[in-house]
>>> print(open('final35.txt').read())   # compact mmCIF, C-alpha atoms and all ligand atoms
# COMPACT_ATOMS: atom_id res chain seq x y z
CA MET A 1 41.54 122.19 103.21
CA ALA A 2 40.84 124.20 106.32
CA ARG A 3 39.30 127.62 106.88
CA ILE A 4 41.86 129.79 108.63
CA TYR A 5 41.62 133.29 110.09
CA LEU A 6 44.88 135.25 110.23
CA ALA A 7 45.28 138.20 112.59
CA CYS A 8 48.35 140.42 112.72
CA GLY A 9 49.65 142.96 115.22
CA SER A 10 52.66 145.04 114.28
CA VAL A 11 54.31 148.39 114.95
CA PHE A 12 57.29 148.46 112.59
CA GLY A 13 56.36 145.80 110.06
CA SER A 14 58.27 142.65 111.06
CA ALA A 15 55.10 140.86 112.13
CA ILE A 16 53.42 141.96 108.90
CA LEU A 17 56.19 140.35 106.84
CA THR A 18 55.95 137.24 108.99
CA THR A 19 52.18 137.13 108.52
CA ASP A 20 52.65 137.58 104.76
CA GLU A 21 54.83 134.47 104.69
CA ILE A 22 52.35 132.51 106.79
CA GLN A 23 49.50 133.57 104.51
CA GLN A 24 51.44 132.56 101.40
CA ALA A 25 52.39 129.14 102.80
CA LEU A 26 48.82 128.41 103.91
CA THR A 27 47.34 129.53 100.60
CA GLN A 28 49.86 127.49 98.61
CA ALA A 29 48.88 124.45 100.67
CA GLY A 30 45.29 124.96 99.51
CA HIS A 31 43.77 126.40 102.67
CA ASP A 32 41.03 129.01 102.64
CA VAL A 33 42.72 131.96 104.38
CA HIS A 34 40.88 135.04 105.62
CA ARG A 35 43.16 137.93 106.61
CA PRO A 36 41.29 141.18 107.10
CA GLU A 37 43.03 144.53 107.43
CA ASN A 38 41.65 144.82 110.96
CA ALA A 39 40.97 141.58 112.79
CA SER A 40 37.54 141.47 114.41
CA VAL A 41 36.31 139.08 117.10
CA ASP A 42 32.88 139.19 115.44
CA ASP A 43 34.39 137.19 112.56
CA LEU A 44 35.60 134.46 114.93
CA THR A 45 32.15 133.27 115.96
CA ASP A 46 31.67 131.83 112.45
CA GLU A 47 31.53 128.12 113.30
CA THR A 48 32.83 127.12 109.87
CA LEU A 49 36.23 128.58 110.82
CA ASP A 50 38.72 125.86 111.80
CA TYR A 51 41.82 127.76 112.90
CA LEU A 52 42.90 131.14 114.18
CA ILE A 53 46.55 132.09 113.72
CA VAL A 54 47.71 135.28 115.43
CA CYS A 55 51.09 136.79 114.62
CA THR A 56 51.93 139.77 116.78
CA SER A 57 54.86 141.74 118.08
CA SER A 58 55.00 143.45 121.49
CA THR A 59 55.25 147.12 122.23
CA GLY A 60 55.44 149.41 125.24
CA ASN A 61 55.72 147.22 128.29
CA GLY A 62 54.66 143.87 126.86
CA GLU A 63 51.58 145.27 125.19
CA VAL A 64 49.71 144.35 122.04
CA PRO A 65 50.39 146.77 119.13
CA ASP A 66 47.76 149.46 118.53
CA ASN A 67 46.42 147.83 115.38
CA LEU A 68 45.56 144.62 117.25
CA ALA A 69 44.70 146.17 120.62
CA PRO A 70 40.95 146.55 119.84
CA PHE A 71 40.84 142.82 119.00
CA HIS A 72 42.53 142.00 122.33
CA VAL A 73 40.22 144.27 124.29
CA ALA A 74 37.18 142.76 122.55
CA LEU A 75 38.32 139.25 123.53
CA LEU A 76 38.50 140.39 127.15
CA THR A 77 35.24 142.33 127.23
CA GLN A 78 32.89 140.72 124.69
CA PHE A 79 33.60 137.06 125.55
CA PRO A 80 32.95 135.80 121.99
CA ARG A 81 31.94 132.14 121.59
CA ILE A 82 35.06 130.60 120.05
CA THR A 83 35.18 127.11 121.55
CA HIS A 84 35.11 125.63 118.01
CA LEU A 85 38.46 127.27 117.16
CA ARG A 86 41.92 125.78 117.32
CA PHE A 87 44.57 128.46 117.54
CA ALA A 88 48.28 129.25 117.62
CA VAL A 89 50.20 132.44 118.32
CA VAL A 90 53.45 133.55 116.71
CA ALA A 91 54.91 136.11 119.13
CA LEU A 92 57.65 138.50 118.04
CA GLY A 93 59.61 140.21 120.77
CA ASP A 94 62.98 141.07 122.18
CA SER A 95 64.41 139.17 125.13
CA SER A 96 66.11 142.30 126.45
CA TYR A 97 62.63 143.31 127.70
CA ASP A 98 61.36 141.82 130.98
CA THR A 99 58.02 141.50 129.23
CA PHE A 100 59.43 139.27 126.48
CA CYS A 101 56.69 138.55 123.93
CA GLY A 102 54.11 139.92 126.38
CA GLY A 103 51.74 140.97 123.59
CA GLY A 104 51.56 137.51 122.05
CA LEU A 105 51.31 135.85 125.43
CA ALA A 106 48.39 138.12 126.38
CA ILE A 107 46.48 137.11 123.25
CA ASP A 108 47.29 133.44 123.85
CA HIS A 109 45.99 133.69 127.41
CA ALA A 110 42.78 135.43 126.37
CA LEU A 111 42.05 132.79 123.71
CA GLN A 112 42.62 129.96 126.19
CA GLU A 113 40.35 131.63 128.74
CA LEU A 114 37.59 131.70 126.12
CA GLY A 115 37.85 127.94 125.63
CA ALA A 116 39.55 127.83 122.22
CA THR A 117 41.98 124.94 121.78
CA GLN A 118 45.67 125.85 121.92
CA LEU A 119 47.61 123.87 119.28
CA SER A 120 50.94 124.70 120.94
CA GLU A 121 52.63 127.06 123.33
CA PRO A 122 53.30 130.29 121.38
CA LEU A 123 56.34 130.43 119.13
CA LYS A 124 58.53 133.18 120.56
CA ILE A 125 60.78 134.85 117.99
CA ASP A 126 63.53 136.90 119.60
CA ALA A 127 64.82 139.99 117.78
CA MET A 128 68.09 139.50 119.71
CA GLU A 129 68.56 136.20 117.88
CA THR A 130 67.22 136.84 114.39
CA THR A 131 66.57 139.78 112.10
CA GLU A 132 64.43 137.60 109.84
CA PRO A 133 61.41 136.43 111.84
CA GLU A 134 59.55 135.90 108.56
CA LEU A 135 61.71 132.82 107.93
CA LEU A 136 60.57 131.13 111.15
CA GLY A 137 56.84 131.74 111.47
CA ALA A 138 55.53 129.98 108.37
CA PRO A 139 57.41 126.67 108.78
CA TRP A 140 56.26 126.51 112.41
CA VAL A 141 52.61 127.09 111.52
CA MET A 142 52.75 124.55 108.69
CA SER A 143 54.25 121.88 110.92
CA LEU A 144 51.59 122.52 113.59
CA LEU A 145 48.79 122.12 111.09
CA ALA A 146 50.38 118.97 109.69
CA GLN A 147 50.17 117.43 113.17
CA ALA A 148 46.69 118.75 114.01
C1 LIG A 201 59.18 150.90 121.97
C2 LIG A 201 59.33 149.40 121.89
C3 LIG A 201 58.83 148.61 122.90
C4 LIG A 201 58.98 147.22 122.87
N1 LIG A 201 58.49 146.46 123.90
C5 LIG A 201 58.69 145.12 123.89
C6 LIG A 201 58.24 144.31 124.97
O1 LIG A 201 57.66 144.78 125.93
N2 LIG A 201 58.45 142.98 124.91
C7 LIG A 201 59.11 142.40 123.86
O2 LIG A 201 59.30 141.17 123.87
N3 LIG A 201 59.54 143.13 122.81
C8 LIG A 201 59.35 144.47 122.79
N4 LIG A 201 59.79 145.23 121.74
C9 LIG A 201 60.47 144.55 120.62
C10 LIG A 201 59.55 144.29 119.42
O3 LIG A 201 58.38 143.57 119.79
C11 LIG A 201 60.35 143.48 118.37
O4 LIG A 201 61.42 144.26 117.91
C12 LIG A 201 59.49 143.02 117.21
O5 LIG A 201 60.27 142.22 116.35
C13 LIG A 201 58.95 144.21 116.42
O6 LIG A 201 58.01 143.70 115.48
P1 LIG A 201 57.13 144.72 114.58
O7 LIG A 201 58.11 145.34 113.57
O8 LIG A 201 56.14 143.87 113.87
O9 LIG A 201 56.50 145.71 115.47
C14 LIG A 201 59.65 146.61 121.77
C15 LIG A 201 60.16 147.44 120.74
C16 LIG A 201 60.01 148.80 120.79
C17 LIG A 201 60.61 149.65 119.69
>>> encode(input="final35.txt", output="structure tokens", more="lines below")
Ligand SMILES: Cc1cc2nc3c(=O)[nH]c(=O)nc-3n(C[C@H](O)[C@H](O)[C@H](O)COP(=O)(O)O)c2cc1C
Amino acid sequence: MARIYLACGSVFGSAILTTDEIQQALTQAGHDVHRPENASVDDLTDETLDYLIVCTSSTGNGEVPDNLAPFHVALLTQFPRITHLRFAVVALGDSSYDTFCGGGLAIDHALQELGATQLSEPLKIDAMETTEPELLGAPWVMSLLAQA
């Protein structure tokens, strides 16, 4: 059993549905999952946390959605101590944008810069290829954790 923090960024709800599925799969597997309404970097410095999973779409020009933007900004400006964390990012996007999955990639980059351990390159889910991202995120996260 691991302690897992789930953070979600979404504009229209697809990343929320995907995060719901991830949360359900992790909980069913017996993990202790913490998914606050608004993710906060202050929570991440808890050294009993094992994993951070971020599931976020992109908006604007490869930006993080408004509901996760304060979390992203805080990573960049507060430099929280998160070297104990292993993390993975599920990035929803649309490959017709030059900034494909830019929001998820920005979070991934910030977490790496802070010294957290990347479990994998982000999973990029392309809205041009699937209308059901929620079917892809949870199996990917579960297989990552099984190998970790
Ligand atoms: C106004 C707008 C801007 C977008 N900008 C990007 C972008 O820069 N890069 C990208 O990969 N996808 C972009 N997308 C696509 C969304 O990220 C994608 O459709 C995603 O599945 C939406 O997830 P959500 O419902 O959780 O917000 C954009 C979509 C909209 C409507």
>>> residues_around(input="final35.txt", residues="stretch 133-141 of chain A", least_positions_apart="2", cutoff="6 Å", atoms="all atoms listed in the file", output="mmCIF file with C-alpha atoms, keeping the file's coordinate frame")
data_model
loop_
_atom_site.group_PDB
_atom_site.id
_atom_site.type_symbol
_atom_site.label_atom_id
_atom_site.label_comp_id
_atom_site.auth_asym_id
_atom_site.auth_seq_id
_atom_site.Cartn_x
_atom_site.Cartn_y
_atom_site.Cartn_z
ATOM 1 C CA LEU A 17 56.190 140.350 106.840
ATOM 2 C CA THR A 18 55.950 137.240 108.990
ATOM 3 C CA GLU A 21 54.830 134.470 104.690
ATOM 4 C CA ILE A 22 52.350 132.510 106.790
ATOM 5 C CA SER A 143 54.250 121.880 110.920
ATOM 6 C CA LEU A 144 51.590 122.520 113.590
#
>>> residues_around(input="final35.txt", residues="A:Gly93", least_positions_apart="6", cutoff="12 Å", atoms="only C-alpha atoms", output="PyMOL selection string")
chain A and resi 9-12+14-15+55-65+99-105+122-131+133
>>> atom_distance(input="final35.txt", atom1="atom CA of A:Leu68", atom2="atom CA of A:Pro36")
11.5 Å
>>> closest_residue(input="final35.txt", among="A:Ala25, A:Ile4, A:Val33, A:Leu111", to="A:Glu47", atoms="all atoms listed in the file")
A:Ile4
>>> axis_aligned_box(input="final35.txt", around="stretch 48-67 of chain A", padding_each_side="5 Å", output="lines of an AutoDock Vina configuration file")
center_x = 44.3
center_y = 137.7
center_z = 119.1
size_x = 32.9
size_y = 33.6
size_z = 28.4
>>> closest_residue(input="final35.txt", among="A:Ala7, A:Ile16, A:Ile53, A:Leu76", to="A:Ala110", atoms="only C-alpha atoms")
A:Leu76
>>> decode(input="final35.txt", residues="stretch 130-144 of chain A", atoms="all heavy atoms", output="short mmCIF file (atom, residue, chain, number, x, y, z; two decimals), in the first residue's frame")
data_model
loop_
_atom_site.label_atom_id
_atom_site.label_comp_id
_atom_site.auth_asym_id
_atom_site.auth_seq_id
_atom_site.Cartn_x
_atom_site.Cartn_y
_atom_site.Cartn_z
N THR A 130 -8.55 9.64 -29.62
CA THR A 130 -9.55 8.99 -28.76
C THR A 130 -10.48 10.02 -28.14
O THR A 130 -10.07 11.14 -27.83
CB THR A 130 -8.89 8.16 -27.63
OG1 THR A 130 -9.93 7.58 -26.83
CG2 THR A 130 -8.03 9.02 -26.72
N THR A 131 -11.74 9.64 -28.00
CA THR A 131 -12.69 10.49 -27.28
C THR A 131 -12.90 9.95 -25.86
O THR A 131 -13.74 10.47 -25.13
CB THR A 131 -14.06 10.51 -28.00
OG1 THR A 131 -14.49 9.16 -28.19
CG2 THR A 131 -13.95 11.22 -29.33
N GLU A 132 -12.15 8.90 -25.51
CA GLU A 132 -12.31 8.31 -24.18
C GLU A 132 -10.97 8.20 -23.45
O GLU A 132 -10.47 7.09 -23.21
CB GLU A 132 -12.97 6.93 -24.30
CG GLU A 132 -14.38 6.99 -24.84
CD GLU A 132 -14.98 5.61 -25.00
OE1 GLU A 132 -14.33 4.75 -25.62
OE2 GLU A 132 -16.10 5.40 -24.50
N PRO A 133 -10.38 9.35 -23.11
CA PRO A 133 -9.09 9.31 -22.42
C PRO A 133 -9.15 8.57 -21.09
O PRO A 133 -8.15 8.02 -20.63
CB PRO A 133 -8.75 10.80 -22.21
CG PRO A 133 -10.06 11.50 -22.27
CD PRO A 133 -10.90 10.72 -23.26
N GLU A 134 -10.36 8.54 -20.50
CA GLU A 134 -10.51 7.89 -19.19
C GLU A 134 -10.21 6.39 -19.25
O GLU A 134 -9.93 5.78 -18.22
CB GLU A 134 -11.90 8.15 -18.60
CG GLU A 134 -13.06 7.54 -19.33
CD GLU A 134 -13.59 8.39 -20.48
OE1 GLU A 134 -12.90 9.34 -20.91
OE2 GLU A 134 -14.70 8.08 -20.96
N LEU A 135 -10.26 5.82 -20.47
CA LEU A 135 -9.96 4.38 -20.57
C LEU A 135 -8.46 4.11 -20.58
O LEU A 135 -8.04 2.97 -20.40
CB LEU A 135 -10.58 3.80 -21.86
CG LEU A 135 -12.11 3.90 -21.98
CD1 LEU A 135 -12.59 3.23 -23.25
CD2 LEU A 135 -12.76 3.26 -20.74
N LEU A 136 -7.66 5.15 -20.84
CA LEU A 136 -6.22 4.94 -21.02
C LEU A 136 -5.38 5.29 -19.79
O LEU A 136 -4.34 4.67 -19.55
CB LEU A 136 -5.72 5.78 -22.21
CG LEU A 136 -6.42 5.50 -23.54
CD1 LEU A 136 -5.90 6.45 -24.62
CD2 LEU A 136 -6.19 4.05 -23.95
N GLY A 137 -5.82 6.30 -19.05
CA GLY A 137 -4.99 6.80 -17.96
C GLY A 137 -4.78 5.79 -16.84
O GLY A 137 -3.64 5.55 -16.40
N ALA A 138 -5.87 5.18 -16.38
CA ALA A 138 -5.77 4.30 -15.20
C ALA A 138 -4.90 3.06 -15.47
O ALA A 138 -4.02 2.75 -14.65
CB ALA A 138 -7.17 3.90 -14.72
N PRO A 139 -5.09 2.37 -16.60
CA PRO A 139 -4.23 1.19 -16.84
C PRO A 139 -2.75 1.57 -16.90
O PRO A 139 -1.88 0.83 -16.43
CB PRO A 139 -4.71 0.65 -18.19
CG PRO A 139 -6.07 1.20 -18.38
CD PRO A 139 -6.12 2.50 -17.62
N TRP A 140 -2.47 2.75 -17.46
CA TRP A 140 -1.07 3.19 -17.56
C TRP A 140 -0.48 3.43 -16.18
O TRP A 140 0.62 2.96 -15.86
CB TRP A 140 -1.00 4.46 -18.42
CG TRP A 140 0.38 4.99 -18.65
CD1 TRP A 140 1.31 4.51 -19.53
CD2 TRP A 140 1.00 6.12 -17.99
NE1 TRP A 140 2.46 5.27 -19.46
CE2 TRP A 140 2.29 6.25 -18.54
CE3 TRP A 140 0.57 7.02 -17.02
CZ2 TRP A 140 3.18 7.26 -18.12
CZ3 TRP A 140 1.46 8.02 -16.61
CH2 TRP A 140 2.74 8.13 -17.16
N VAL A 141 -1.23 4.14 -15.34
CA VAL A 141 -0.74 4.42 -13.98
C VAL A 141 -0.55 3.11 -13.21
O VAL A 141 0.48 2.91 -12.54
CB VAL A 141 -1.72 5.35 -13.22
CG1 VAL A 141 -1.38 5.42 -11.74
CG2 VAL A 141 -1.70 6.75 -13.83
N MET A 142 -1.50 2.20 -13.34
CA MET A 142 -1.39 0.94 -12.58
C MET A 142 -0.18 0.13 -13.05
O MET A 142 0.49 -0.50 -12.23
CB MET A 142 -2.68 0.12 -12.72
CG MET A 142 -3.91 0.77 -12.13
SD MET A 142 -3.70 1.46 -10.46
CE MET A 142 -3.60 -0.04 -9.50
N SER A 143 0.10 0.14 -14.34
CA SER A 143 1.25 -0.64 -14.80
C SER A 143 2.57 0.02 -14.36
O SER A 143 3.53 -0.66 -14.02
CB SER A 143 1.21 -0.86 -16.31
OG SER A 143 1.62 0.29 -16.98
N LEU A 144 2.58 1.35 -14.31
CA LEU A 144 3.79 2.04 -13.80
C LEU A 144 4.06 1.66 -12.35
O LEU A 144 5.20 1.37 -11.97
CB LEU A 144 3.59 3.54 -13.85
CG LEU A 144 3.93 4.32 -15.09
CD1 LEU A 144 3.80 5.80 -14.79
CD2 LEU A 144 5.33 3.98 -15.57
#
